[in-house]
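Colleague: Structure file my_file.txt (compact mmCIF, C-alpha atoms) is given on the next line.
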# COMPACT_ATOMS: atom_id res chain seq x y z
CA VAL A 1 100.80 115.65 115.23
CA SER A 2 102.31 112.70 117.05
CA SER A 3 104.42 109.97 115.55
CA SER A 4 103.22 106.42 116.14
CA PHE A 5 104.22 102.87 115.37
CA GLU A 6 102.66 99.47 115.82
CA VAL A 7 103.51 97.47 118.90
CA MET A 8 105.13 94.15 117.96
CA SER A 9 106.12 92.45 121.18
CA ASP A 10 105.20 89.38 123.17
CA GLY A 11 106.82 90.75 126.31
CA PRO A 12 105.30 93.06 128.91
CA ILE A 13 104.72 96.58 127.56
CA PRO A 14 104.88 99.57 129.90
CA LYS A 15 101.34 100.94 130.15
CA HIS A 16 102.42 104.54 129.72
CA LEU A 17 103.58 103.77 126.18
CA PHE A 18 100.17 102.74 124.92
CA SER A 19 97.80 105.00 123.04
CA GLU A 20 94.09 104.86 123.80
CA ASP A 21 93.50 102.13 121.22
CA GLY A 22 96.05 99.91 122.95
CA HIS A 23 97.84 99.04 119.71
CA THR A 24 100.23 101.89 119.05
CA VAL A 25 102.89 103.86 120.86
CA LYS A 26 102.53 107.60 120.43
CA LEU A 27 105.23 110.17 120.97
CA PRO A 28 105.00 113.97 121.06
CA SER A 29 105.97 115.56 117.74
CA TYR A 30 108.95 117.33 119.33
CA VAL A 31 110.64 113.94 119.84
CA ASP A 32 110.91 113.41 116.07
CA ASP A 33 111.86 117.06 115.62
CA TYR A 34 114.78 116.64 118.00
CA HIS A 35 115.71 113.32 116.38
CA ARG A 36 115.88 115.00 112.96
CA TRP A 37 117.92 117.90 114.37
CA PHE A 38 120.35 115.51 116.07
CA TYR A 39 120.70 113.20 113.06
CA GLU A 40 120.24 115.44 110.01
CA ASP A 41 120.24 119.17 110.73
CA ARG A 42 123.15 119.26 113.18
CA ALA A 43 124.42 115.69 112.57
CA VAL A 44 125.74 115.53 116.13
CA TRP A 45 126.20 111.76 115.91
CA ARG A 46 129.01 112.21 113.38
CA GLU A 47 131.04 114.05 116.02
CA MET A 48 130.54 111.52 118.82
CA THR A 49 133.75 109.94 120.14
CA TYR A 50 134.77 107.58 122.92
CA ARG A 51 138.27 108.02 124.31
CA GLY A 52 139.00 110.11 121.23
CA VAL A 53 137.85 107.48 118.72
CA VAL A 54 134.81 108.09 116.49
CA THR A 55 131.74 106.01 117.39
CA TYR A 56 128.93 107.16 115.04
CA LYS A 57 126.41 106.34 117.77
CA SER A 58 123.71 108.04 119.77
CA PRO A 59 124.96 108.75 123.32
CA MET A 60 121.55 107.68 124.65
CA ASP A 61 121.93 104.33 122.93
CA MET A 62 125.47 103.92 124.25
CA TRP A 63 124.26 104.53 127.79
CA ASN A 64 121.40 102.08 127.22
CA TYR A 65 123.82 99.43 125.94
CA GLN A 66 126.07 99.57 128.98
CA GLU A 67 123.03 99.20 131.26
CA ILE A 68 121.93 96.14 129.27
CA LEU A 69 125.45 94.68 129.37
CA TRP A 70 125.66 95.15 133.13
CA GLU A 71 122.33 93.41 133.62
CA MET A 72 122.86 90.45 131.27
CA ARG A 73 126.64 90.10 131.90
CA PRO A 74 127.68 88.76 128.49
CA SER A 75 131.08 87.23 127.77
CA ILE A 76 130.92 87.98 124.04
CA VAL A 77 129.95 91.19 122.26
CA VAL A 78 129.68 90.98 118.47
CA GLU A 79 129.68 94.30 116.63
CA VAL A 80 128.91 94.26 112.91
CA GLY A 81 130.22 97.49 111.41
CA VAL A 82 133.26 98.92 113.19
CA TRP A 83 134.39 102.04 111.27
CA GLN A 84 137.11 103.62 113.48
CA GLY A 85 136.21 101.42 116.43
CA GLY A 86 135.09 103.82 119.17
CA SER A 87 132.15 101.67 120.17
CA SER A 88 134.25 98.48 120.09
CA LEU A 89 136.61 100.17 122.53
CA PHE A 90 133.62 101.20 124.65
CA PHE A 91 132.27 97.64 124.75
CA ALA A 92 135.72 96.25 125.63
CA ASP A 93 136.01 98.67 128.56
CA VAL A 94 132.55 97.72 129.85
CA LEU A 95 133.34 93.99 129.60
CA GLU A 96 136.65 94.51 131.41
CA LYS A 97 134.92 96.21 134.35
CA LEU A 98 132.06 93.72 134.25
CA HIS A 99 134.34 90.70 134.62
CA GLN A 100 137.04 92.32 136.75
CA GLY A 101 138.17 90.01 139.53
CA THR A 102 136.75 86.90 137.84
CA ASP A 103 138.31 84.23 135.66
CA GLN A 104 135.61 84.60 133.00
CA PRO A 105 137.19 85.19 129.56
CA HIS A 106 135.53 87.87 127.43
CA LEU A 107 135.90 89.28 123.94
CA VAL A 108 134.57 91.91 121.57
CA LEU A 109 134.40 90.53 118.03
CA GLY A 110 134.29 93.35 115.48
CA ILE A 111 133.25 92.46 111.94
CA ASP A 112 133.78 94.76 108.96
CA VAL A 113 134.54 94.46 105.25
CA SER A 114 137.65 96.62 105.76
CA ASP A 115 140.01 97.54 108.59
CA GLU A 116 141.31 100.59 106.73
CA HIS A 117 139.70 103.10 109.10
CA ILE A 118 140.06 101.20 112.38
CA MET A 119 142.33 102.96 114.87
CA PRO A 120 145.47 101.15 116.12
CA GLU A 121 144.34 101.19 119.76
CA VAL A 122 141.32 99.16 118.64
CA LEU A 123 143.11 96.84 116.21
CA TYR A 124 145.68 95.84 118.83
CA HIS A 125 143.47 95.85 121.91
CA PRO A 126 143.89 92.54 123.79
CA SER A 127 140.12 92.11 124.27
CA ILE A 128 139.08 93.04 120.73
CA GLN A 129 139.32 90.77 117.72
CA ILE A 130 138.65 92.15 114.23
CA MET A 131 137.42 89.98 111.38
CA VAL A 132 137.63 91.45 107.89
CA GLN A 133 134.70 89.59 106.38
CA LYS A 134 131.14 90.07 105.22
CA SER A 135 128.91 89.70 108.24
CA THR A 136 126.94 86.84 106.69
CA SER A 137 129.93 84.79 105.55
CA SER A 138 130.46 81.20 106.64
CA GLN A 139 133.74 82.28 108.27
CA VAL A 140 131.86 84.58 110.65
CA LEU A 141 129.33 81.86 111.43
CA GLU A 142 132.11 79.39 112.21
CA ARG A 143 134.12 81.85 114.33
CA ILE A 144 131.17 82.83 116.52
CA THR A 145 130.24 79.18 116.95
CA GLU A 146 133.81 78.49 118.12
CA LEU A 147 133.78 81.45 120.52
CA ARG A 148 130.52 80.29 122.06
CA GLU A 149 132.07 76.90 122.76
CA GLN A 150 135.38 78.32 124.02
CA ILE A 151 134.21 81.27 126.12
CA GLY A 152 130.63 80.39 127.01
CA GLY A 153 128.27 82.84 128.70
CA PRO A 154 125.63 85.15 127.18
CA MET A 155 126.15 87.09 123.95
CA PHE A 156 125.24 90.63 122.90
CA VAL A 157 125.08 91.37 119.15
CA ILE A 158 124.77 94.75 117.43
CA LEU A 159 124.08 95.00 113.69
CA ASP A 160 125.42 98.27 112.29
CA GLY A 161 126.97 97.38 108.93
CA ASN A 162 125.26 97.23 105.54
CA HIS A 163 121.84 98.79 106.14
CA PHE A 164 119.99 97.58 103.05
CA ARG A 165 116.88 95.53 103.82
CA GLU A 166 117.96 92.29 102.16
CA ASN A 167 121.32 92.25 103.94
CA VAL A 168 119.78 92.95 107.35
CA LEU A 169 117.24 90.17 106.78
CA LEU A 170 120.08 87.78 106.02
CA GLU A 171 121.96 88.92 109.14
CA LEU A 172 118.86 88.39 111.25
CA GLN A 173 118.42 84.92 109.82
CA MET A 174 122.02 83.92 110.53
CA PHE A 175 122.58 85.54 113.92
CA SER A 176 119.25 84.29 115.25
CA ARG A 177 120.61 80.77 114.94
CA LEU A 178 123.67 81.72 116.98
CA LEU A 179 121.71 83.33 119.81
CA ARG A 180 120.63 81.44 122.91
CA GLU A 181 117.72 82.20 125.18
CA GLY A 182 118.31 85.52 126.94
CA ASP A 183 120.90 86.77 124.43
CA TYR A 184 120.40 90.29 123.10
CA LEU A 185 120.31 91.63 119.54
CA ILE A 186 120.38 95.30 118.54
CA VAL A 187 119.49 96.36 114.98
CA GLU A 188 120.81 99.89 114.53
CA ASP A 189 119.87 102.59 112.01
CA SER A 190 116.29 101.39 111.74
CA ASN A 191 115.53 105.10 112.06
CA ILE A 192 116.42 105.66 108.38
CA ASN A 193 113.97 105.57 105.48
CA GLY A 194 111.66 107.98 107.27
CA HIS A 195 111.58 106.46 110.77
CA PRO A 196 111.91 109.42 111.13
CA VAL A 197 115.18 110.38 109.33
CA ALA A 198 116.66 109.94 105.83
CA PRO A 199 113.31 109.36 104.06
CA GLU A 200 115.09 108.96 100.72
CA TRP A 201 117.10 105.93 101.84
CA GLY A 202 114.79 103.14 100.70
CA PRO A 203 113.94 99.88 102.51
CA GLY A 204 116.44 99.29 105.28
CA PRO A 205 116.74 97.89 108.82
CA TRP A 206 113.23 98.95 109.95
CA GLU A 207 111.61 97.09 107.06
CA ALA A 208 113.88 94.09 107.62
CA VAL A 209 113.04 93.84 111.32
CA SER A 210 109.32 94.30 110.64
CA GLU A 211 109.30 91.47 108.11
CA PHE A 212 111.49 89.24 110.24
CA LEU A 213 109.36 89.65 113.36
CA ALA A 214 106.20 89.07 111.35
CA HIS A 215 107.50 85.58 110.57
CA ASN A 216 109.36 84.97 113.85
CA ARG A 217 107.26 86.77 116.42
CA HIS A 218 107.72 84.21 119.18
CA ALA A 219 111.48 83.86 118.74
CA PHE A 220 112.19 87.33 120.15
CA ARG A 221 110.89 89.72 122.76
CA ARG A 222 110.84 93.31 121.62
CA ASP A 223 112.20 95.27 124.58
CA LEU A 224 110.08 98.40 124.29
CA GLU A 225 110.97 99.62 127.75
CA ARG A 226 114.64 99.82 126.76
CA GLU A 227 113.85 101.07 123.27
CA MET A 228 111.83 104.01 124.59
CA ARG A 229 113.93 104.68 127.68
CA PHE A 230 115.40 107.98 126.47
CA GLY A 231 112.62 109.12 124.13
CA PHE A 232 114.33 108.31 120.85
CA THR A 233 116.85 105.81 119.57
CA PHE A 234 118.79 105.05 116.41
CA ALA A 235 117.37 101.51 116.73
CA PRO A 236 113.55 101.77 116.78
CA MET A 237 112.07 98.25 116.78
CA GLY A 238 115.66 97.05 117.14
CA PHE A 239 115.98 96.12 120.82
CA LEU A 240 115.38 92.37 120.67
CA GLN A 241 115.95 89.59 123.19
CA ARG A 242 116.01 85.96 122.14
CA THR A 243 113.32 83.90 123.84
CA ASN A 244 112.96 80.21 123.04
CA ALA A 245 116.07 79.26 121.09
CA HIS A 246 114.42 76.01 119.99
CA ILE A 247 111.86 77.83 117.83
CA THR A 248 112.62 77.31 114.15
CA ILE A 249 113.61 80.55 112.42
CA VAL A 250 111.60 81.33 109.30
CA ASP A 251 113.49 83.15 106.54
CA PRO A 252 111.32 85.93 105.05
CA LEU A 253 113.47 86.02 101.88
CA SER A 254 112.57 82.40 101.14
CA VAL A 255 108.91 83.01 101.97
CA MET A 256 108.77 85.94 99.54
CA GLY A 257 110.02 83.76 96.70
CA ASP A 258 109.37 85.43 93.37
CA GLU A 259 109.10 88.87 94.95
CA CYS A 260 112.91 88.97 95.06
CA GLU A 261 113.06 88.73 91.27
CA GLY A 262 116.53 87.24 91.47
CA HIS A 263 117.94 90.06 93.61
CA CYS A 264 117.81 88.38 97.02
CA PRO A 265 121.22 87.47 98.47
CA GLN A 266 122.17 83.83 98.72
CA ILE A 267 121.06 82.33 102.00
CA LEU A 268 123.51 80.29 104.02
CA GLU A 269 122.61 76.72 104.83
CA HIS A 270 122.53 75.90 108.53
CA ASN A 271 122.57 72.49 110.16
For the structure just supplied, provide its representation as structure tokens.
Modeller:
Amino acid sequence: VSSSFEVMSDGPIPKHLFSEDGHTVKLPSYVDDYHRWFYEDRAVWREMTYRGVVTYKSPMDMWNYQEILWEMRPSIVVEVGVWQGGSSLFFADVLEKLHQGTDQPHLVLGIDVSDEHIMPEVLYHPSIQIMVQKSTSSQVLERITELREQIGGPMFVILDGNHFRENVLLELQMFSRLLREGDYLIVEDSNINGHPVAPEWGPGPWEAVSEFLAHNRHAFRRDLEREMRFGFTFAPMGFLQRTNAHITIVDPLSVMGDECEGHCPQILEHN
């Protein structure tokens, strides 16, 4: 049995990813088996470190990210969900090498609801700034807007904080308005809730991205070539590149209306 998922992308799709019907991407069953072993059975990702600091990432994704960063050459990396900060340190090192010998300022902005677990070498790193805030707060919106004006250049955003569907939808709504054409957005842990791991989780990032793209299909290009580069990822359907930044973003939470039954988070107003 092969796993499959619907293709949702307006960009070019590598032909070798298509099934015979031309509408799904099929993978050998051993890919999901290895994914489950890596994530659940052996939980290797919990032991992953960078320069001795815990990352909680897939090493394949980390390698993918540095390739993307080197190609797009961003000045700002925004990481939602920091934990100990291994990946923030990783991104800071990549940016330092990327802009070495230039006068281009660069910064990693880490956003978390607590800095309790963040290691000192991350907290006091000259190229890392930590904001202790909810990712969808007005303070975060204002700070990123300021950084875009002060630093300039492309931006790379990775969402790896609160994984519940409604929160990820709200993050997608807000960060989409901060992204410019060519900027990159990663939605991590869309592998949970049975895609293919942690089937008991409940609606999470996968469902949020699916709903968001259904309403905003032409605002992003799903980068399937990157997503499938190493066979599996912790961010299925989560490698997204902003296309036309002038396209109005539709908020799926507002569209659903009564389906929220009063449980949808408050949506920020944007000018």
Colleague: Just how far from CA of Leu89 (chain A) is CA of Ser75 (chain A), in Å to one decimal?
Modeller: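 It comes out at 15.0 Å.
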Colleague: Can you list, as a compact mmCIF listing (two decimals) with C-alpha atoms, keeping the file's coordinate frame, every protein, DNA or RNA residue that comes within 12 Å of Thr243 (chain A) when you count only C-alpha atoms, leaving out same-chain residues fewer than 4 positions away?
Modeller:
# COMPACT_ATOMS: atom_id res chain seq x y z
CA SER A 9 106.12 92.45 121.18
CA ASP A 10 105.20 89.38 123.17
CA GLY A 11 106.82 90.75 126.31
CA SER A 176 119.25 84.29 115.25
CA ARG A 177 120.61 80.77 114.94
CA LEU A 179 121.71 83.33 119.81
CA ARG A 180 120.63 81.44 122.91
CA GLU A 181 117.72 82.20 125.18
CA GLY A 182 118.31 85.52 126.94
CA ASP A 183 120.90 86.77 124.43
CA TYR A 184 120.40 90.29 123.10
CA LEU A 185 120.31 91.63 119.54
CA ASN A 216 109.36 84.97 113.85
CA ARG A 217 107.26 86.77 116.42
CA HIS A 218 107.72 84.21 119.18
CA ALA A 219 111.48 83.86 118.74
CA PHE A 220 112.19 87.33 120.15
CA ARG A 221 110.89 89.72 122.76
CA ARG A 222 110.84 93.31 121.62
CA ASP A 223 112.20 95.27 124.58
CA ILE A 247 111.86 77.83 117.83
CA THR A 248 112.62 77.31 114.15
CA ILE A 249 113.61 80.55 112.42
Colleague: Identify which of the residues A:Tyr39, A:Phe164, A:Trp70, A:Phe156 lies closest to Gly202 (chain A), counting all atoms listed in the file when measuring atom-to-atom distances.
Modeller: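 Counting all atoms listed in the file, the residue closest to Gly202 (chain A) is A:Phe164.
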Colleague: Quick one: residues within 7 Å of Phe234 (chain A), all atoms listed in the file, excluding same-chain residues fewer than 2 positions away - as a PyMOL selection string?
Modeller: chain A and resi 58+188-191+236
